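Peer 1: The structure's right below; bear with me while I get my questions together.
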Amino acid sequence: MTLTLRSPRFWLITLAAVLVAGTTLSLGQWQLRRAAQKEALQAAIGARDHLPILDGRGLTAGKNVADVLHRQAILKGTWHPEYTVYLDNRPMSGKTGFWVITPLALEGSSQLILVQRGWVPRDFTDRTRLAPITTPSGSVTVRGRIAPSPSKLYEFKGLESGRIRQNLDIPAFRTQTGLPLLEVSLLQTDAANEGLLREWAAPNLGVDKHYGYAFQWFGLCGLVLILFIWFQLILPLRTKPRTQSPR
């Protein structure tokens, strides 16, 4: 029996295939781990719906912001409409408009919280023409879910101030206004009123995205292995000349 020596080209291709297959396999497994982490976080967020509803005292007493995020809250306080901000290019129910943000001075506290009050349509003929909304005076009760700062979009320089903005960063807004704002906001979930729509999308951590990426990486790993086996192992055997035996 003779030992068939492989060419340097074969071993180079083998090394490349092993590296690519190993890397894509590792990336696929990493995406699965990320999906599992986010599923656990999603479950933890869902479990917070069953915790006691926060009031202003419970909210301000919290030392760790992460402990109150996504919890239900009913807050009493007074609006500060002079600091209302409209965040541009924000969708709701398939339409683009503004998210309306107004600070609420918490009853029995010196602190305020930014309330994402809802959505109003945009006037496409005049960007500066804002839809009318009602902001009650005096003490109000607002129901909602504790949330981080409003999500950020790509921002051109110069759009970070004024009544109409692209984004709103709580620490920066605190510095601009001098208001003692909490590090979190409230996503108001009361029924649509005051000229505002409140069909907020459920929190989405992108779990499906990680499964999609994992499928792509595993698919690429499998493709590399199939191509290597076919072109480097099977095809050479099929095309190799057969030695005819003497008759």
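Each chain in the structure tokens gets a letter, A, B, ..., in the order shown, and its residues are numbered from 1; ligands are numbered from 1 in order too.
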Mind listing the strand (DSSP E or B) residues of segment 35-129 of chain A, per DSSP on the backbone, as number ranges by chain?
Peer 2: A: 54, 72-79, 85-92, 95-106, 112-122
Peer 1: What does the file look like for those residues with N, CA and C atoms, as a compact mmCIF listing (two decimals), in the first residue's frame?
Peer 2:
```txt
# COMPACT_ATOMS: atom_id res chain seq x y z
N LEU A 54 -44.96 51.68 41.64
CA LEU A 54 -44.19 52.72 42.30
C LEU A 54 -45.00 54.01 42.42
N GLN A 72 -43.91 49.55 36.67
CA GLN A 72 -45.09 50.38 36.57
C GLN A 72 -45.08 51.45 37.66
N ALA A 73 -45.60 52.64 37.34
CA ALA A 73 -45.59 53.73 38.31
C ALA A 73 -46.83 54.60 38.13
N ILE A 74 -47.31 55.13 39.23
CA ILE A 74 -48.37 56.15 39.23
C ILE A 74 -47.83 57.33 40.02
N LEU A 75 -47.59 58.43 39.32
CA LEU A 75 -46.92 59.57 39.92
C LEU A 75 -47.86 60.77 39.96
N LYS A 76 -47.80 61.51 41.06
CA LYS A 76 -48.55 62.75 41.20
C LYS A 76 -47.57 63.91 41.16
N GLY A 77 -48.00 64.99 40.52
CA GLY A 77 -47.12 66.15 40.45
C GLY A 77 -47.73 67.27 39.63
N THR A 78 -46.87 68.18 39.23
CA THR A 78 -47.29 69.36 38.47
C THR A 78 -46.44 69.49 37.22
N TRP A 79 -47.10 69.71 36.08
CA TRP A 79 -46.38 69.87 34.82
C TRP A 79 -45.60 71.18 34.79
N VAL A 85 -40.49 69.63 25.26
CA VAL A 85 -39.63 69.41 24.09
C VAL A 85 -40.34 68.45 23.14
N TYR A 86 -40.18 68.70 21.85
CA TYR A 86 -40.74 67.83 20.81
C TYR A 86 -39.58 67.12 20.10
N LEU A 87 -39.55 65.80 20.18
CA LEU A 87 -38.52 65.03 19.51
C LEU A 87 -38.99 64.66 18.11
N ASP A 88 -38.22 65.08 17.11
CA ASP A 88 -38.62 64.94 15.71
C ASP A 88 -38.31 63.55 15.17
N ASN A 89 -39.00 63.22 14.07
CA ASN A 89 -38.78 61.96 13.34
C ASN A 89 -39.02 60.72 14.21
N ARG A 90 -40.07 60.77 15.00
CA ARG A 90 -40.41 59.64 15.87
C ARG A 90 -41.68 58.96 15.37
N PRO A 91 -41.63 57.66 15.12
CA PRO A 91 -42.79 56.97 14.55
C PRO A 91 -43.75 56.47 15.62
N MET A 92 -45.00 56.33 15.20
CA MET A 92 -46.00 55.65 16.02
C MET A 92 -47.14 55.24 15.09
N LYS A 95 -46.70 56.08 11.39
CA LYS A 95 -46.63 57.48 10.95
C LYS A 95 -45.49 58.18 11.67
N THR A 96 -44.94 59.20 11.02
CA THR A 96 -43.83 59.95 11.59
C THR A 96 -44.34 61.26 12.17
N GLY A 97 -43.85 61.58 13.35
CA GLY A 97 -44.25 62.82 13.99
C GLY A 97 -43.31 63.17 15.12
N PHE A 98 -43.87 63.66 16.22
CA PHE A 98 -43.07 64.09 17.37
C PHE A 98 -43.45 63.31 18.62
N TRP A 99 -42.44 62.99 19.43
CA TRP A 99 -42.69 62.56 20.80
C TRP A 99 -42.66 63.81 21.67
N VAL A 100 -43.64 63.96 22.53
CA VAL A 100 -43.74 65.14 23.38
C VAL A 100 -43.21 64.79 24.78
N ILE A 101 -42.24 65.57 25.25
CA ILE A 101 -41.60 65.34 26.54
C ILE A 101 -41.81 66.57 27.42
N THR A 102 -42.36 66.35 28.62
CA THR A 102 -42.58 67.45 29.55
C THR A 102 -42.11 67.04 30.94
N PRO A 103 -41.38 67.91 31.66
CA PRO A 103 -40.99 67.58 33.03
C PRO A 103 -42.19 67.63 33.97
N LEU A 104 -42.20 66.71 34.93
CA LEU A 104 -43.23 66.65 35.95
C LEU A 104 -42.57 66.81 37.31
N ALA A 105 -42.95 67.87 38.04
CA ALA A 105 -42.43 68.07 39.41
C ALA A 105 -43.19 67.14 40.34
N LEU A 106 -42.46 66.23 40.97
CA LEU A 106 -43.10 65.20 41.79
C LEU A 106 -43.64 65.78 43.09
N LEU A 112 -37.74 66.32 39.73
CA LEU A 112 -38.65 66.22 38.59
C LEU A 112 -38.28 65.01 37.77
N ILE A 113 -39.24 64.55 36.98
CA ILE A 113 -38.99 63.44 36.05
C ILE A 113 -39.50 63.84 34.68
N LEU A 114 -38.74 63.49 33.65
CA LEU A 114 -39.18 63.73 32.28
C LEU A 114 -40.23 62.68 31.92
N VAL A 115 -41.36 63.15 31.41
CA VAL A 115 -42.44 62.25 31.03
C VAL A 115 -42.56 62.23 29.51
N GLN A 116 -42.42 61.05 28.94
CA GLN A 116 -42.68 60.88 27.51
C GLN A 116 -44.20 60.76 27.37
N ARG A 117 -44.83 61.90 27.09
CA ARG A 117 -46.28 62.00 27.22
C ARG A 117 -47.03 61.34 26.08
N GLY A 118 -46.44 61.28 24.89
CA GLY A 118 -47.15 60.70 23.76
C GLY A 118 -46.65 61.26 22.45
N TRP A 119 -47.44 61.05 21.42
CA TRP A 119 -47.04 61.35 20.04
C TRP A 119 -48.06 62.28 19.40
N VAL A 120 -47.56 63.22 18.60
CA VAL A 120 -48.43 64.08 17.80
C VAL A 120 -47.92 64.06 16.37
N PRO A 121 -48.81 64.25 15.38
CA PRO A 121 -48.38 64.22 13.97
C PRO A 121 -47.56 65.45 13.62
N ARG A 122 -46.84 65.32 12.54
CA ARG A 122 -46.00 66.40 12.05
C ARG A 122 -46.68 67.09 10.88
```
Peer 1: Which neighbours of segment 212-220 of chain A fall inside 9 Å, counting only C-alpha atoms, when residues of the same chain fewer than 4 positions from it are skipped, and could you give them as a PyMOL selection string?
Peer 2: chain A and resi 20-21+23-32+207-208+224-225
Peer 1: Go through A:Ser149, A:Ala40, A:Arg174, A:Val184 one by one, measure the shortest atom-to-atom distance of each to Asp67 of chain A using only C-alpha atoms, and give the residue with the smallest value.
Peer 2: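 Using only C-alpha atoms, the shortest distance to Asp67 of chain A belongs to A:Val184.
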Peer 1: Interatomic distance between atom CA of Leu205 of chain A and atom CA of Asp55 of chain A?
Peer 2: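 Value for the atom CA of Leu205 of chain A-atom CA of Asp55 of chain A distance: 26.5 Å.
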Peer 1: Between atom CA of Leu186 of chain A and atom CA of Arg145 of chain A, what distance in Å does the model show, to one decimal?
Peer 2: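 According to the coordinates, atom CA of Leu186 of chain A and atom CA of Arg145 of chain A are separated by 5.6 Å.
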Peer 1: When you count only C-alpha atoms, which of these residues is closest to Val140 of chain A: A:Pro81, A:Gly94, A:Pro236, A:Glu107?
Peer 2: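 For Val140 of chain A, the nearest of the candidates is A:Glu107.
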Peer 1: Residues of segment 12-208 of chain A in helix (DSSP H, G or I) according to DSSP, as a PyMOL selection string?
Peer 2: chain A and resi 12-50+56-61+65-68+81-83+170-177+207-208
Peer 1: I need the residue nearest Leu181 of chain A from this list: A:Asn204, A:Ser110, A:Ser139, A:Gln42. Use only C-alpha atoms for the distance.
Peer 2: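 Under the stated criterion, the closest residue is A:Ser110.
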Peer 1: Do you have the atom CA of Trp200 of chain A-atom CA of Ser93 of chain A distance handy?
Peer 2: 8.6 Å
